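Heads up: the structure comes next, in structure tokens.
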Amino acid sequence: MKITRLMTAIVCLCLAISAKAQSDYFFPQEARFDPKIPSPEKYLGYEIGTLHTRHDAIVGYMRELARLSNRAKLDTIGETYEHRQLVVLTVTTPENLNNLEEIRQEHLKLVDPTADNGDLNAQKSIVLLGYNVHGNEPSSSEAAMLTAYYYVAGLHAEVTNALEEGVIMIDPAFNPDGRDRHSTWANTYKGDPMVSDPVDAEHNEMWPRGRTNHYWYDLNRDWLPLAHVESQARIEFYHKWYPNVVTDFHEMGTNSTYFFEPTKPYGSENPVVPRDNYDGLNNLFAEYFHEALDEIGSLYFTKEAYDNSYPGYGSTYPDIHGALGLVFEQASSRGHIQDSDMGKVAFAFTIKNHLTSSLATVRAAVGEKPTLLNHMSNYFETAVDEGNQAGGGWVFGDQADDTRNQAFLDLLLRHRIKTYALDESISLGGKQFEAGNAFYVPNGQKQYRMVRTMFEQVTQFHDSIFYDASSWTAALTYNMPYERYAGKAGLNGAELTFDDLTSGYESVPNARYAYLIEWDEYYAPKALNYLLERGLYVNSAFKEFSLETHEGVKEFSYGTLMIPVARQEVDADLVHAFVEEATDLAGIKAYAANTGYSTTGIDLGSRNFRTIRQPKALMVIGGSTSSYEAGEVWHLLDSKVGMPITKVWEDNLGRVDWSKYNTLVLVSGYYGSLGENTINRIKQWVREGGTVITIRNATSWAVSSKFVNEEFADRPEFDNPDRMDYVTAGDVRGSTAIGGSMYMADIDITHPLGFGYTRRDLPVYRNHSIFLKPSKDPFSTVVKYTENPLLSGYVKQQNLEKLGGTASLIVSGIGRGNVIMFADNPNFRGMWYGTNKLFLNALFFGNLF
């Protein structure tokens, strides 16, 4: 009852019209401010917490602070897909600001084990306060403005000391596009008087909601994959500074309270991070957080629920770089005010809690400066020591796909991992790595722990419950051939830089007969789409062959593109120009052929060359569909292919003119709601030659609804005693889930859906419990799990035993069309370069068999 009265009093204080300044509610009593610096309320024209502030207004306020104060400067570090600015406001003393580059260079000595750190007492504590990575968790960006005001305008001793001893960097919104999507929604549906009923429209956004960025990606999972421009800009800024402390502010369910670290011991912690981060720094900072929240009477919890294991989190990535990453979670008002089990949760109250933690973070970062600086210095020294002790390193490289090699190299270099191009070929683990497409990452480097993140396969864990993925081995996601090199001597080669990442494009001479493009290259679909859009006829090889080209006799594999010269509707010069433009765009090469007569295998006029239709693709969105999976498809086609896809709301599907499309993409969702008439129309369209591609839960729907004549495999059975303690229920049930791990599958590289793959081994990602039987047609199971498939991550033994031998990708024919069913998501988080080609093959070749 006392708690309820306290919450009600706080809410009333937030909402009531009061004669007191708003700062009396948000800031400590001792706070004093320079009257020449406008508060957020004065700049915006409304009290913080009474509206959701647009991103442009937030940036405008930060710019105004930098204009008016010699304590602050604003940097634009990038922009979003929707051209909103990504900014960082740096706040410190005028003297520090004038010497900022010198401070940065001195600070970077901490991350260089070969450098003399000098006098650590003279260095500054670098604090990066990051906010609002999930757009519909908006309270933190409002807190960012208040935090900026506190340190730019503050005149009291706590502020002046913090500015003297630290450099405070405020990133007000990691995800501006998602934030504005949610802000528009919340402001649009705000009532006067405000409506706290949880079922009100204000508290229930329409699909895809504001959590994600423009492409509906969760940017809090993108610090490792770096699939998006926001993350790429942020990582570039991160490595420019290597801050000592990084915050990551979130919101959670309205009926919760407040969370700060430490997280769940061991089970939720990253295996490469040293214990002194979790046992030392986290507990040290927790003292500051609980004291600050105790002071304002806010309820909180620690040591449970949230995860620090996945390295792609904004609160985990810093931990792997010698800093302290901190996640905070606030019970959300999901609008301006909402009912909860303990009274009403007001937007202003959620902002106040995040502001309180922001100020406590700076207080701790300054108060514990020597500990933080020593931790960072020791972190990179021990990383090099551990790497040298491990010895050797990792050799990798795909001999047939240079564009995928280049993409993986780009990822490594963005994470500042030293990588070398080998100048000699080497054989390891039964794999041959040829110079020119062979690379080496030594363990003995300061980024050793990131090296482990990229290459190690982990199957032993402290816990069986995972908030997110239990595996993230980047080399597997790229389907990159790699082996551990255990030799004592280093391998010879030149260290790579971004300037060394070059396109594989080479100009091709005019051909009298045809042009050939290998389908092995990751970006070959981009070239194909370009040619099809310009009206060229392009054929795909269904059998292998060798032929005399302008570079001599060359062997060509399944899926090779053949563009005949004479059969086109444009002249030979234009055909050549289109081929040049397509291969230049894709960064690959073409071969000129002046004969169709092969030296081995099929000739170019064989029936085993089939003409490719241009995909006219439609994807269902909204309703029960997964915005994440839909966004992954959309982003893949936009960024890797340059191909448009029509996105149709589930409610509008009955009005589609199906004659305009040849491919339908169904991501995870329940499609029974489409109605019998629409489903029957789609089925008839497939019989007439259409292609349906289903992913994950959409595949489950297709099987369970009898849309296709396929079956589920037997699911595992788990033995439970008749009676168990209730407190163990979550752990017991959670341990049976397949929560995100990596498995080995066998792919039929002769099937059109397997074109472009040169090895039958294929790592796949699985985060579901769909067990799919192989097709009754022996030629239609394209990808199948091996008998003992686990590569990396956690899986319960009963699940693993049932998984072996089940299907990952099958085709089910209906009339003249096909339903292509992915049990797994080939496009997961924009990082699975290794399985993207399966999806793209389904788009381009889905009707050729």
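In the structure tokens, the first chain shown is A, the next is B, and so on; residue numbers restart at 1 for each chain, and ligands run from 1 in the order shown.
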
Picked from stretch 469-604 of chain A by DSSP as strand (DSSP E or B), as a VMD selection string:
chain A and resid 482 to 485 493 to 495 514 to 517 539 to 541 545 to 549 552 to 556 561 to 564 591 to 593 600 to 601

Emit the selected residues as a tab-separated table (two decimals), in the first residue's frame, including C-alpha atoms.
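File written: selection.tsv
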chain	number	residue	atom	x	y	z
A	482	TYR	CA	38.70	-21.69	-42.03
A	483	GLU	CA	41.06	-23.70	-39.86
A	484	ARG	CA	43.04	-23.16	-36.70
A	485	TYR	CA	46.73	-22.62	-37.39
A	493	GLY	CA	51.88	-11.87	-45.58
A	494	ALA	CA	51.07	-8.19	-45.76
A	495	GLU	CA	48.76	-6.62	-43.19
A	514	ALA	CA	28.33	-15.05	-75.44
A	515	TYR	CA	29.39	-13.78	-72.04
A	516	LEU	CA	29.73	-16.04	-69.00
A	517	ILE	CA	29.47	-15.01	-65.33
A	539	ASN	CA	20.46	-18.40	-69.03
A	540	SER	CA	21.64	-20.58	-66.17
A	541	ALA	CA	23.76	-23.70	-66.56
A	545	PHE	CA	31.19	-27.46	-68.59
A	546	SER	CA	34.48	-25.99	-69.74
A	547	LEU	CA	34.96	-23.60	-72.63
A	548	GLU	CA	37.52	-21.47	-74.43
A	549	THR	CA	37.27	-17.87	-73.16
A	552	GLY	CA	41.84	-19.53	-72.18
A	553	VAL	CA	39.95	-22.72	-71.35
A	554	LYS	CA	38.03	-22.32	-68.11
A	555	GLU	CA	35.82	-24.65	-66.08
A	556	PHE	CA	32.33	-23.44	-65.19
A	561	LEU	CA	25.13	-17.28	-66.22
A	562	MET	CA	25.29	-17.29	-70.02
A	563	ILE	CA	24.33	-14.15	-71.94
A	564	PRO	CA	24.13	-14.90	-75.66
A	591	TYR	CA	34.31	-14.00	-69.51
A	592	ALA	CA	34.01	-13.50	-73.25
A	593	ALA	CA	33.33	-16.59	-75.38
A	600	THR	CA	34.03	-30.69	-71.87
A	601	GLY	CA	30.44	-30.88	-70.71

Excluding same-chain residues fewer than 5 positions from A:Ser69, what lies within 12 Å of it counting only C-alpha atoms, as JSON, numbers by chain?
{"A": [34, 35, 36, 37, 38, 62, 63, 64, 74, 89, 90, 91, 92, 93, 94, 97, 148, 149, 151, 152, 153, 154]}

With a distance cut-off of 10 Å and only C-alpha atoms, select the neighbouring residues of stretch 385-393 of chain A, excluding the residue or stretch itself and same-chain residues fewer than 4 positions from it, and output the selection as a VMD selection string.
chain A and resid 113 379 to 381 440 to 449 451 to 452 455 483 to 491

Select, from A:Thr625, A:Asn161, A:Asn213, A:Thr361, the residue with the minimum atom-to-atom distance to A:Ala286, counting only C-alpha atoms.
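That would be A:Thr361, the residue with the smallest distance to A:Ala286.
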
Counting only C-alpha atoms, the residue among A:His751, A:Arg816, A:Lys802, A:Lys344 that lies closest to A:Pro789 is A:Lys802

Write out as a PyMOL selection string the set of residues from stretch 320-424 of chain A that DSSP, computed on the backbone, places in alpha helix (DSSP H).
chain A and resi 347-367+369-390+402-414

Return the single residue from A:Asn677, A:Ser358, A:Gln432, A:Asn187 that is closest to A:Thr50, with distances computed using only C-alpha atoms.
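Closest residue, counting only C-alpha atoms: A:Asn187.
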
Please identify all polymer residues within 10 Å of A:Asn818, counting only C-alpha atoms, omitting same-chain residues fewer than 3 positions from it, and present them as a ChimeraX atom specification.
/A:663,686-693,708,811-815,821,842,846-849

Can you pull out every residue within 9 Å of A:Glu533, counting only C-alpha atoms, but drop anything in the same chain fewer than 4 positions away, and send it as an MDAnalysis selection string?
chainID A and resid 528:529 614

Applying 9 Å and only C-alpha atoms, which residues near stretch 735-743 of chain A remain after dropping the ones on its own chain fewer than 4 positions away? List them as a ChimeraX atom specification.
/A:463-473,476-477,718,730-731,762-769,785-786,788-796,798-799

What is the distance between atom CA of A:Phe433 and atom CA of A:Met831, in Å to one decimal?
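That distance, rounded to one decimal, is 23.3 Å.
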
A straight line from atom CA of A:Lys616 to atom CA of A:Ile645 spans 7.4 Å
